[in-house]
>>> print(open('coords24.cif').read())   # mmCIF, C-alpha atoms
data_data
loop_
_atom_site.label_atom_id
_atom_site.label_comp_id
_atom_site.auth_asym_id
_atom_site.auth_seq_id
_atom_site.Cartn_x
_atom_site.Cartn_y
_atom_site.Cartn_z
CA MET A 21 119.72 171.75 96.93
CA LYS A 22 121.84 170.96 99.99
CA ILE A 23 119.23 172.07 102.49
CA PRO A 24 116.46 169.68 101.34
CA VAL A 25 118.94 166.80 101.25
CA ILE A 26 120.16 167.57 104.77
CA ALA A 27 116.56 167.95 105.92
CA MET A 28 115.67 164.56 104.42
CA MET A 29 118.71 162.95 106.05
CA ALA A 30 117.79 164.51 109.40
CA ALA A 31 114.21 163.31 109.04
CA PHE A 32 115.43 159.80 108.21
CA ILE A 33 117.82 159.69 111.18
CA TRP A 34 115.09 161.09 113.44
CA SER A 35 112.61 158.45 112.28
CA GLN A 36 115.13 155.64 112.74
CA GLY A 37 115.95 156.88 116.20
CA ALA A 38 112.28 156.92 117.09
CA LEU A 39 111.80 153.34 115.95
CA ALA A 40 114.99 151.72 117.20
CA ALA A 41 115.20 150.12 120.62
CA THR A 42 117.45 151.75 123.20
CA ASP A 43 120.05 149.19 124.28
CA SER A 44 122.06 149.17 127.50
CA THR A 45 123.94 146.67 129.67
CA VAL A 46 122.39 146.51 133.12
CA THR A 47 122.16 144.72 136.43
CA LEU A 48 118.55 144.27 137.50
CA GLU A 49 116.96 142.85 140.63
CA GLY A 50 113.35 141.81 140.66
CA GLU A 51 110.71 139.11 140.65
CA LEU A 52 110.06 136.89 137.67
CA ILE A 53 106.36 137.33 136.98
CA ASP A 54 103.56 136.13 134.74
CA SER A 55 103.31 139.16 132.45
CA PHE A 56 99.72 138.59 131.33
CA CYS A 57 98.18 138.14 134.76
CA TYR A 58 100.18 141.05 136.16
CA LEU A 59 99.38 143.51 133.37
CA SER A 60 95.82 142.51 132.51
CA GLY A 61 94.09 142.48 135.90
CA VAL A 62 92.49 139.16 134.96
CA MET A 63 93.22 137.85 138.47
CA GLY A 64 92.47 141.09 140.31
CA GLY A 65 95.02 143.67 141.43
CA PRO A 66 98.66 143.34 140.37
CA ASP A 67 99.87 142.53 143.90
CA ALA A 68 97.76 139.37 143.94
CA THR A 69 99.69 138.05 140.94
CA LEU A 70 103.05 138.13 142.71
CA GLY A 71 104.90 135.71 144.96
CA THR A 72 103.65 132.44 146.39
CA ALA A 73 99.91 133.15 145.92
CA HIS A 74 100.27 133.14 142.18
CA HIS A 75 103.20 130.74 141.76
CA HIS A 76 101.12 127.82 140.49
CA CYS A 77 99.28 129.96 137.93
CA ALA A 78 102.58 131.55 136.89
CA LEU A 79 103.88 128.06 136.12
CA TRP A 80 100.77 127.37 134.03
CA CYS A 81 101.24 130.54 132.00
CA ALA A 82 105.01 130.12 131.59
CA ALA A 83 104.48 126.55 130.37
CA GLY A 84 101.85 127.85 127.96
CA GLY A 85 104.31 130.31 126.48
CA VAL A 86 103.05 133.56 128.00
CA PRO A 87 106.12 135.81 128.30
CA VAL A 88 107.87 135.78 131.66
CA GLY A 89 108.45 139.30 132.95
CA LEU A 90 110.89 140.79 135.43
CA LEU A 91 109.29 143.27 137.85
CA THR A 92 111.95 145.48 139.40
CA GLY A 93 111.76 147.50 142.59
CA ASP A 94 110.97 150.72 140.74
CA GLY A 95 107.84 149.13 139.24
CA LYS A 96 109.29 148.59 135.77
CA VAL A 97 108.26 145.46 133.88
CA TYR A 98 110.77 143.88 131.49
CA LEU A 99 109.61 141.15 129.12
CA VAL A 100 112.35 138.50 129.16
CA LEU A 101 113.49 137.45 125.69
CA GLY A 102 116.19 134.93 126.60
CA GLU A 103 118.49 133.75 129.36
CA GLY A 104 122.18 132.93 129.06
CA ASP A 105 123.11 130.61 126.25
CA ASP A 106 119.46 129.62 125.83
CA THR A 107 117.74 132.01 123.45
CA THR A 108 114.38 130.37 124.10
CA SER A 109 111.78 132.72 125.56
CA VAL A 110 108.69 130.59 124.91
CA THR A 111 108.45 128.03 127.73
CA ALA A 112 112.17 128.45 128.34
CA PRO A 113 113.34 125.84 130.87
CA ARG A 114 115.27 128.16 133.19
CA LEU A 115 112.67 130.92 133.10
CA PHE A 116 110.01 128.33 133.89
CA GLU A 117 111.95 126.89 136.83
CA ASN A 118 112.60 130.32 138.33
CA GLN A 119 109.05 131.61 138.07
CA SER A 120 108.12 133.88 141.04
CA HIS A 121 111.74 133.91 142.24
CA ARG A 122 113.49 137.12 143.21
CA ILE A 123 116.62 137.19 141.10
CA THR A 124 119.47 139.52 140.30
CA VAL A 125 120.57 139.43 136.68
CA GLU A 126 123.06 140.94 134.32
CA GLY A 127 121.99 141.47 130.76
CA ARG A 128 120.98 143.74 127.93
CA ALA A 129 117.95 145.92 128.50
CA PHE A 130 115.99 147.56 125.71
CA GLU A 131 113.25 150.13 125.60
CA ARG A 132 110.96 150.43 122.63
CA ASP A 133 107.53 151.95 122.12
CA GLY A 134 106.90 152.22 125.83
CA MET A 135 107.84 148.62 126.64
CA ASN A 136 110.96 147.28 128.36
CA TYR A 137 112.74 144.09 127.34
CA VAL A 138 115.71 142.21 128.78
CA ILE A 139 117.96 139.49 127.44
CA ILE A 140 119.52 137.96 130.54
CA ALA A 141 123.20 137.09 130.18
CA LYS A 142 123.70 135.69 133.66
CA VAL A 143 121.72 135.15 136.87
CA LEU A 144 123.91 136.60 139.61
CA LYS A 145 121.68 135.71 142.55
CA ASP A 146 118.54 133.66 143.15
CA ALA A 147 116.78 134.40 146.45
CA GLY A 148 113.96 131.92 145.86
CA ILE A 149 110.44 133.17 146.61
CA PRO A 150 110.60 135.53 149.60
CA ASN A 151 107.26 137.14 148.73
CA HIS A 152 104.82 134.97 150.73
CA THR A 153 101.64 136.51 149.35
CA HIS A 154 99.60 133.35 149.97
CA GLU A 155 99.44 134.42 153.62
CA ASP A 156 97.29 137.39 152.51
CA TYR A 157 95.64 136.21 149.32
CA GLY A 158 95.51 132.43 149.56
CA SER A 159 95.83 131.04 146.08
CA ILE A 160 95.25 133.20 143.01
CA PRO A 161 93.23 131.87 141.24
CA GLU A 162 91.41 129.67 143.72
CA ALA A 163 91.53 126.78 141.23
CA ALA A 164 95.30 126.73 141.66
CA ALA A 165 95.13 126.14 145.43
CA PRO A 166 96.79 123.11 147.04
CA ARG A 167 94.57 120.02 146.98
CA PRO A 168 94.39 117.40 149.70
CA ALA A 169 96.27 114.24 148.80
CA ALA A 170 93.99 111.63 147.26
CA LYS A 171 93.06 108.85 149.68
CA PRO A 172 94.39 105.45 148.67
CA MET B 79 54.33 143.18 97.47
CA SER B 80 56.15 145.33 99.96
CA ASN B 81 59.90 145.61 99.88
CA GLN B 82 61.20 144.32 103.22
CA PHE B 83 64.72 145.56 102.55
CA PRO B 84 64.58 149.03 101.06
CA PRO B 85 68.00 150.57 100.24
CA ILE B 86 68.24 152.38 103.56
CA ARG B 87 67.76 149.11 105.49
CA LEU B 88 70.29 147.30 103.32
CA PHE B 89 72.72 150.14 103.95
CA ALA B 90 72.14 149.87 107.72
CA LEU B 91 72.56 146.08 107.60
CA GLY B 92 75.76 146.54 105.66
CA LEU B 93 77.09 148.92 108.28
CA VAL B 94 76.33 146.41 111.05
CA LEU B 95 78.03 143.56 109.18
CA MET B 96 81.02 145.74 108.37
CA ALA B 97 81.34 146.72 112.03
CA SER B 98 81.09 143.12 113.23
CA SER B 99 83.53 141.74 110.66
CA ALA B 100 85.95 144.60 111.27
CA ASN B 101 86.16 143.68 114.91
CA ALA B 102 85.05 140.25 116.01
CA ALA B 103 86.78 140.29 119.39
CA THR B 104 84.91 139.96 122.65
CA SER B 105 85.57 141.69 125.95
CA TRP B 106 87.44 139.95 128.75
CA ASN B 107 86.89 142.87 131.14
CA LEU B 108 90.61 143.43 131.52
CA THR B 109 92.43 146.44 132.90
CA ASP B 110 92.22 149.46 130.60
CA GLU B 111 90.88 147.15 127.92
CA GLU B 112 90.52 148.38 124.35
CA ILE B 113 88.94 146.05 121.82
CA ALA B 114 90.57 146.86 118.49
CA PRO B 115 92.03 145.04 115.49
CA LEU B 116 95.80 145.11 115.06
CA THR B 117 97.34 145.05 111.58
CA GLY B 118 101.02 144.57 110.84
CA THR B 119 103.84 142.15 110.14
CA VAL B 120 104.44 139.16 112.41
CA VAL B 121 107.96 139.56 113.81
CA ASP B 122 110.36 137.86 116.21
CA MET B 123 110.51 140.26 119.18
CA ARG B 124 114.11 139.41 120.05
CA ALA B 125 115.34 139.86 116.49
CA GLU B 126 113.35 143.05 116.12
CA ILE B 127 114.87 144.79 119.12
CA THR B 128 118.44 143.51 118.70
CA GLY B 129 118.70 143.74 114.93
CA GLU B 130 119.47 140.01 114.64
CA THR B 131 118.32 138.47 111.38
CA THR B 132 115.79 135.68 111.34
CA GLN B 133 113.74 133.92 108.72
CA THR B 134 111.94 131.56 111.07
CA CYS B 135 110.72 133.72 113.97
CA GLY B 136 112.70 131.48 116.31
CA ALA B 137 110.85 128.36 115.08
CA GLY B 138 108.44 128.51 118.01
CA LYS B 139 111.06 129.28 120.64
CA HIS B 140 110.85 133.07 120.58
CA GLN B 141 108.15 135.53 121.62
CA LEU B 142 106.45 137.07 118.62
CA GLY B 143 104.75 140.39 118.09
CA ILE B 144 103.34 142.70 115.47
CA LYS B 145 105.24 145.52 113.80
CA THR B 146 102.78 148.06 112.43
CA ALA B 147 103.18 149.99 109.19
CA GLU B 148 104.36 152.93 111.32
CA GLY B 149 107.12 150.75 112.81
CA LYS B 150 105.54 150.37 116.25
CA LEU B 151 106.27 147.05 117.97
CA ILE B 152 103.35 145.49 119.88
CA PRO B 153 103.94 142.41 122.09
CA VAL B 154 101.20 139.81 121.52
CA ILE B 155 101.34 137.81 124.72
CA LYS B 156 98.15 135.76 124.98
CA ASN B 157 95.97 133.58 122.78
CA ALA B 158 92.30 132.77 123.40
CA GLN B 159 92.81 129.64 125.52
CA PRO B 160 93.40 129.25 129.26
CA PHE B 161 96.98 130.05 130.31
CA PHE B 162 98.36 129.90 126.77
CA GLY B 163 100.62 132.34 124.96
CA ALA B 164 100.28 133.73 121.45
CA SER B 165 103.49 132.81 119.64
CA VAL B 166 102.03 129.45 118.61
CA GLU B 167 99.19 131.32 116.87
CA LEU B 168 101.45 133.82 115.08
CA LEU B 169 104.27 131.49 114.03
CA PRO B 170 102.56 130.19 110.84
CA HIS B 171 102.34 133.82 109.68
CA CYS B 172 105.97 134.80 110.37
CA GLY B 173 107.01 137.72 108.17
CA LYS B 174 103.52 138.16 106.74
CA VAL B 175 101.06 141.01 107.16
CA VAL B 176 98.00 139.96 109.14
CA THR B 177 95.14 141.57 111.00
CA LEU B 178 94.49 140.32 114.51
CA ASP B 179 91.15 140.45 116.26
CA GLY B 180 91.64 140.97 119.94
CA LEU B 181 92.22 143.54 122.59
CA TYR B 182 94.83 145.72 124.24
CA THR B 183 95.31 145.69 127.97
CA GLY B 184 97.85 146.90 130.51
CA HIS B 185 98.63 149.51 133.13
CA SER B 186 101.45 151.79 134.25
CA GLY B 187 102.02 152.77 130.63
CA TYR B 188 102.52 149.20 129.37
CA ARG B 189 100.29 147.98 126.53
CA VAL B 190 100.15 144.38 125.37
CA TYR B 191 97.81 142.57 123.01
CA VAL B 192 95.59 139.50 123.42
CA VAL B 193 94.79 137.76 120.12
CA GLN B 194 91.45 136.03 119.61
CA ALA B 195 91.65 135.44 115.84
CA VAL B 196 94.13 135.91 113.00
CA GLN B 197 92.85 137.25 109.70
CA THR B 198 94.91 136.45 106.62
CA GLU B 199 94.09 137.24 102.99
CA SER B 200 92.27 133.95 102.64
CA ALA B 201 90.91 133.02 106.07
CA THR B 202 90.10 133.99 109.63
CA ILE B 203 91.67 131.56 112.07
CA LYS B 204 90.64 131.39 115.73
CA ALA B 205 93.61 131.82 118.06
CA THR B 206 92.93 128.49 119.73
CA THR B 207 95.46 126.12 118.22
CA GLY B 208 97.93 126.07 121.12
CA VAL B 209 96.29 123.45 123.31
CA ALA B 210 95.86 120.98 120.42
CA GLN B 211 99.58 121.32 119.66
CA TRP B 212 100.37 120.81 123.34
CA ALA B 213 98.23 117.62 123.31
CA VAL B 214 99.99 116.21 120.27
CA ASN B 215 103.40 117.06 121.72
CA ASN B 216 102.53 115.35 125.00
CA GLY B 217 100.77 112.25 123.68
CA PHE B 218 97.19 113.26 124.50
CA ASP B 219 94.04 113.39 122.39
CA PRO B 220 93.58 117.03 121.26
CA ALA B 221 89.84 116.62 121.86
CA GLY B 222 90.24 114.77 125.15
CA LYS B 223 89.64 115.84 128.75
CA GLU B 224 93.38 116.17 129.42
CA ALA B 225 93.64 118.79 126.69
CA ARG B 226 90.74 120.79 128.16
CA THR B 227 92.66 121.11 131.42
CA TRP B 228 96.11 120.84 129.87
CA TYR B 229 97.73 122.81 132.69
CA ARG B 230 96.86 120.03 135.16
CA HIS B 231 98.46 117.38 132.96
CA ASP B 232 101.58 119.14 131.72
CA PRO B 233 104.57 117.04 132.81
CA ARG B 234 106.82 120.03 133.52
CA ILE B 235 104.22 121.68 135.73
CA LYS B 236 103.56 118.42 137.57
CA ALA B 237 107.29 117.97 138.14
CA ALA B 238 107.68 121.52 139.45
CA ILE B 239 104.77 121.08 141.88
CA ALA B 240 106.10 117.69 142.99
CA LYS B 241 109.45 119.33 143.75
CA ASP B 242 108.50 122.64 145.43
CA GLY B 243 104.75 122.51 146.07
CA VAL B 244 101.96 124.73 144.83
CA PHE B 245 103.27 127.85 146.56
CA GLY B 246 106.81 127.11 145.38
CA ILE B 247 108.39 127.16 148.84
CA GLY B 248 108.06 123.51 149.83
CA HIS B 249 105.24 121.10 150.63
CA GLU B 250 105.10 122.13 154.29
CA ALA B 251 103.67 125.52 153.28
CA ASP B 252 101.00 123.82 151.20
CA GLU B 253 100.07 121.46 154.06
CA THR B 254 99.93 124.31 156.58
CA TRP B 255 97.67 126.29 154.28
CA LEU B 256 95.40 123.28 153.74
CA LYS B 257 95.07 122.75 157.50
CA GLU B 258 94.28 126.42 158.12
CA ASN B 259 91.76 126.53 155.29
CA ALA B 260 90.08 123.15 155.78
CA GLU B 261 86.30 123.48 155.55
#
>>> encode(input="coords24.cif", output="C-alpha cells")
Amino acid sequence: MKIPVIAMMAAFIWSQGALAATDSTVTLEGELIDSFCYLSGVMGGPDATLGTAHHHCALWCAAGGVPVGLLTGDGKVYLVLGEGDDTTSVTAPRLFENQSHRITVEGRAFERDGMNYVIIAKVLKDAGIPNHTHEDYGSIPEAAAPRPAAKP
Amino acid sequence: MSNQFPPIRLFALGLVLMASSANAATSWNLTDEEIAPLTGTVVDMRAEITGETTQTCGAGKHQLGIKTAEGKLIPVIKNAQPFFGASVELLPHCGKVVTLDGLYTGHSGYRVYVVQAVQTESATIKATTGVAQWAVNNGFDPAGKEARTWYRHDPRIKAAIAKDGVFGIGHEADETWLKENAE
C-alpha cells in the first residue's frame, strides 16, 4: 500500500510545482512599456511601441488600466503587479508617471505558465526616456502626435 | 405544402448557431491571434502568484486574470474599448467561473487575452463598461463626446502631457518635431 500512497504524494507535489509561480528576488533594468501594444502588434512592430514615439499612447493605456510591463535587455517582458508600498497595478500613479522610462528596480520576480511578473520593491535608478524612437517613427499612433497650439 | 426546414437543414442551422454562440469574438488582426473562448475563475493576478489571500480582487486596483480548471493563469489585459484594460470588466465576477469571448495574442512565447464579452450563467455582457465608469468618475456624461475620446480628456494624461510633452522628454522635442513635420 505504501507505493501507491507515495506515488499519489509525488503526483500531488509534481502538480503543485507545475502550477506554482517561481519566486525570486531580483534587480532588473529595462523600459516600462505598454504591454498590450508591445505584445499584440496592434501598432505595428514591437520596436515602434517603445520610447518617445509611443509615450503618449502608453500614457493612454496605462491610464486605462492596461498592465504596465518592464522590457529588459534580454527581451523578457515582466507584467508589473505593484510598486513599493503601493500595491495598485491598475492605473497605479507611479507606474503611470514613469511610463516609457528606463528604470532599474529591485523586487520579486515570478514566472508562471510562460509569463513573467514583477512586484517592484524599490526603483533604484530612473534614466528618463533615452530611447528617442520618435526620430525614426514619428508618433505611434499618428493620432497621438503633438498638435499645434490652438490660436487665441 | 413543402417543408422549408427539413431536419437536415434544422440540424445545419443549429450547428451554425452553436458555432456563433460558442465564439462571438471578432478578429482584430493582432500578432499570432487566436480567437477562442476562455473559461475559468476570475482571480487577482498578484494574489494568485504570491499566495496572498483576497476576497475582493483588489477592489479594482489589481490586475485580474483567469485561472482555468487545469490551474493555468491567463492575464486578461484588454477590454473592447480604445486604450482600456480588462480588470474593470472582470471585477464584478471576482471568484466566479465565467466564459470570456475574445482572443489570444502575443509573441516571443508570451500569450495574453483580450476580452470582448463576459458570459455568466445568466447573461452575456459586452466588455465595454470601462469608459462609462471613467466618465462617471471624472464628471462626464457616459454617452457624451468626452467619453468617446476619454483619453484626450483624462486629467492625469493632460497633466502628464502639460509637464513633459507628448514625447515625454520636454516640449522642445514636440515643437521641433512639429516644425520638421509641418505640412
>>> closest_atom_pairs(input="coords24.cif", of="chain A", to="chain B", cutoff="8 Å", atoms="all atoms listed in the file", output="JSON lines")
{"residue": "A:Leu39", "atom": "CA", "partner": "B:Gly149", "partner_atom": "CA", "distance": 6.2}
{"residue": "A:Ala40", "atom": "CA", "partner": "B:Ile127", "partner_atom": "CA", "distance": 7.2}
{"residue": "A:Ala41", "atom": "CA", "partner": "B:Ile127", "partner_atom": "CA", "distance": 5.5}
{"residue": "A:Phe56", "atom": "CA", "partner": "B:Ile155", "partner_atom": "CA", "distance": 6.9}
{"residue": "A:Leu59", "atom": "CA", "partner": "B:Gly184", "partner_atom": "CA", "distance": 4.7}
{"residue": "A:Ser60", "atom": "CA", "partner": "B:Thr109", "partner_atom": "CA", "distance": 5.2}
{"residue": "A:Gly61", "atom": "CA", "partner": "B:Thr109", "partner_atom": "CA", "distance": 5.2}
{"residue": "A:Val62", "atom": "CA", "partner": "B:Leu108", "partner_atom": "CA", "distance": 5.8}
{"residue": "A:Thr72", "atom": "CA", "partner": "B:Phe245", "partner_atom": "CA", "distance": 4.6}
{"residue": "A:Ala73", "atom": "CA", "partner": "B:Phe245", "partner_atom": "CA", "distance": 6.3}
{"residue": "A:His74", "atom": "CA", "partner": "B:Phe245", "partner_atom": "CA", "distance": 7.5}
{"residue": "A:His75", "atom": "CA", "partner": "B:Phe245", "partner_atom": "CA", "distance": 5.6}
{"residue": "A:His76", "atom": "CA", "partner": "B:Val244", "partner_atom": "CA", "distance": 5.4}
{"residue": "A:Cys77", "atom": "CA", "partner": "B:Phe161", "partner_atom": "CA", "distance": 8.0}
{"residue": "A:Leu79", "atom": "CA", "partner": "B:Ile235", "partner_atom": "CA", "distance": 6.4}
{"residue": "A:Trp80", "atom": "CA", "partner": "B:Tyr229", "partner_atom": "CA", "distance": 5.6}
{"residue": "A:Cys81", "atom": "CA", "partner": "B:Phe161", "partner_atom": "CA", "distance": 4.6}
{"residue": "A:Ala83", "atom": "CA", "partner": "B:Ile235", "partner_atom": "CA", "distance": 7.2}
{"residue": "A:Gly84", "atom": "CA", "partner": "B:Phe162", "partner_atom": "CA", "distance": 4.2}
{"residue": "A:Gly85", "atom": "CA", "partner": "B:Gly163", "partner_atom": "CA", "distance": 4.5}
{"residue": "A:Val86", "atom": "CA", "partner": "B:Gly163", "partner_atom": "CA", "distance": 4.1}
{"residue": "A:Pro87", "atom": "CA", "partner": "B:Ile155", "partner_atom": "CA", "distance": 6.3}
{"residue": "A:Leu101", "atom": "CA", "partner": "B:Arg124", "partner_atom": "CA", "distance": 6.0}
{"residue": "A:Thr107", "atom": "CA", "partner": "B:His140", "partner_atom": "CA", "distance": 7.5}
{"residue": "A:Thr108", "atom": "CA", "partner": "B:Lys139", "partner_atom": "CA", "distance": 4.9}
{"residue": "A:Ser109", "atom": "CA", "partner": "B:His140", "partner_atom": "CA", "distance": 5.1}
{"residue": "A:Val110", "atom": "CA", "partner": "B:Lys139", "partner_atom": "CA", "distance": 5.1}
{"residue": "A:Thr111", "atom": "CA", "partner": "B:Lys139", "partner_atom": "CA", "distance": 7.7}
{"residue": "A:Ala112", "atom": "CA", "partner": "B:Lys139", "partner_atom": "CA", "distance": 7.8}
{"residue": "A:Glu117", "atom": "CA", "partner": "B:Ala238", "partner_atom": "CA", "distance": 7.3}
{"residue": "A:Phe130", "atom": "CA", "partner": "B:Ile127", "partner_atom": "CA", "distance": 7.2}
{"residue": "A:Arg132", "atom": "CA", "partner": "B:Leu151", "partner_atom": "CA", "distance": 7.4}
{"residue": "A:Asp133", "atom": "CA", "partner": "B:Lys150", "partner_atom": "CA", "distance": 6.4}
{"residue": "A:Gly134", "atom": "CA", "partner": "B:Tyr188", "partner_atom": "CA", "distance": 6.4}
{"residue": "A:Met135", "atom": "CA", "partner": "B:Tyr188", "partner_atom": "CA", "distance": 6.0}
{"residue": "A:Gly148", "atom": "CA", "partner": "B:Ile247", "partner_atom": "CA", "distance": 7.9}
{"residue": "A:Ile149", "atom": "CA", "partner": "B:Ile247", "partner_atom": "CA", "distance": 6.7}
{"residue": "A:His154", "atom": "CA", "partner": "B:Phe245", "partner_atom": "CA", "distance": 7.4}
{"residue": "A:Ala164", "atom": "CA", "partner": "B:Val244", "partner_atom": "CA", "distance": 7.6}
{"residue": "A:Ala165", "atom": "CA", "partner": "B:Val244", "partner_atom": "CA", "distance": 7.0}
{"residue": "A:Pro166", "atom": "CA", "partner": "B:Val244", "partner_atom": "CA", "distance": 5.9}
{"residue": "A:Arg167", "atom": "CA", "partner": "B:Leu256", "partner_atom": "CA", "distance": 7.6}
{"residue": "A:Pro168", "atom": "CA", "partner": "B:Leu256", "partner_atom": "CA", "distance": 7.2}
>>> atom_distance(input="coords24.cif", atom1="CA of Ala158 (chain B)", atom2="CA of Ala210 (chain B)")
12.7 Å
>>> atom_distance(input="coords24.cif", atom1="CA of Asp146 (chain A)", atom2="CA of Asn118 (chain A)")
8.3 Å
>>> atom_distance(input="coords24.cif", atom1="CA of Ala129 (chain A)", atom2="CA of Ala82 (chain A)")
20.7 Å
>>> closest_residue(input="coords24.cif", among="A:Tyr58, A:Val88, A:Gly158, A:Asp67", to="Gln119 (chain A)", atoms="all atoms listed in the file")
A:Val88
>>> closest_residue(input="coords24.cif", among="B:Lys241, B:Lys174, B:His231, B:Lys223", to="Cys135 (chain B)", atoms="only C-alpha atoms")
B:Lys174
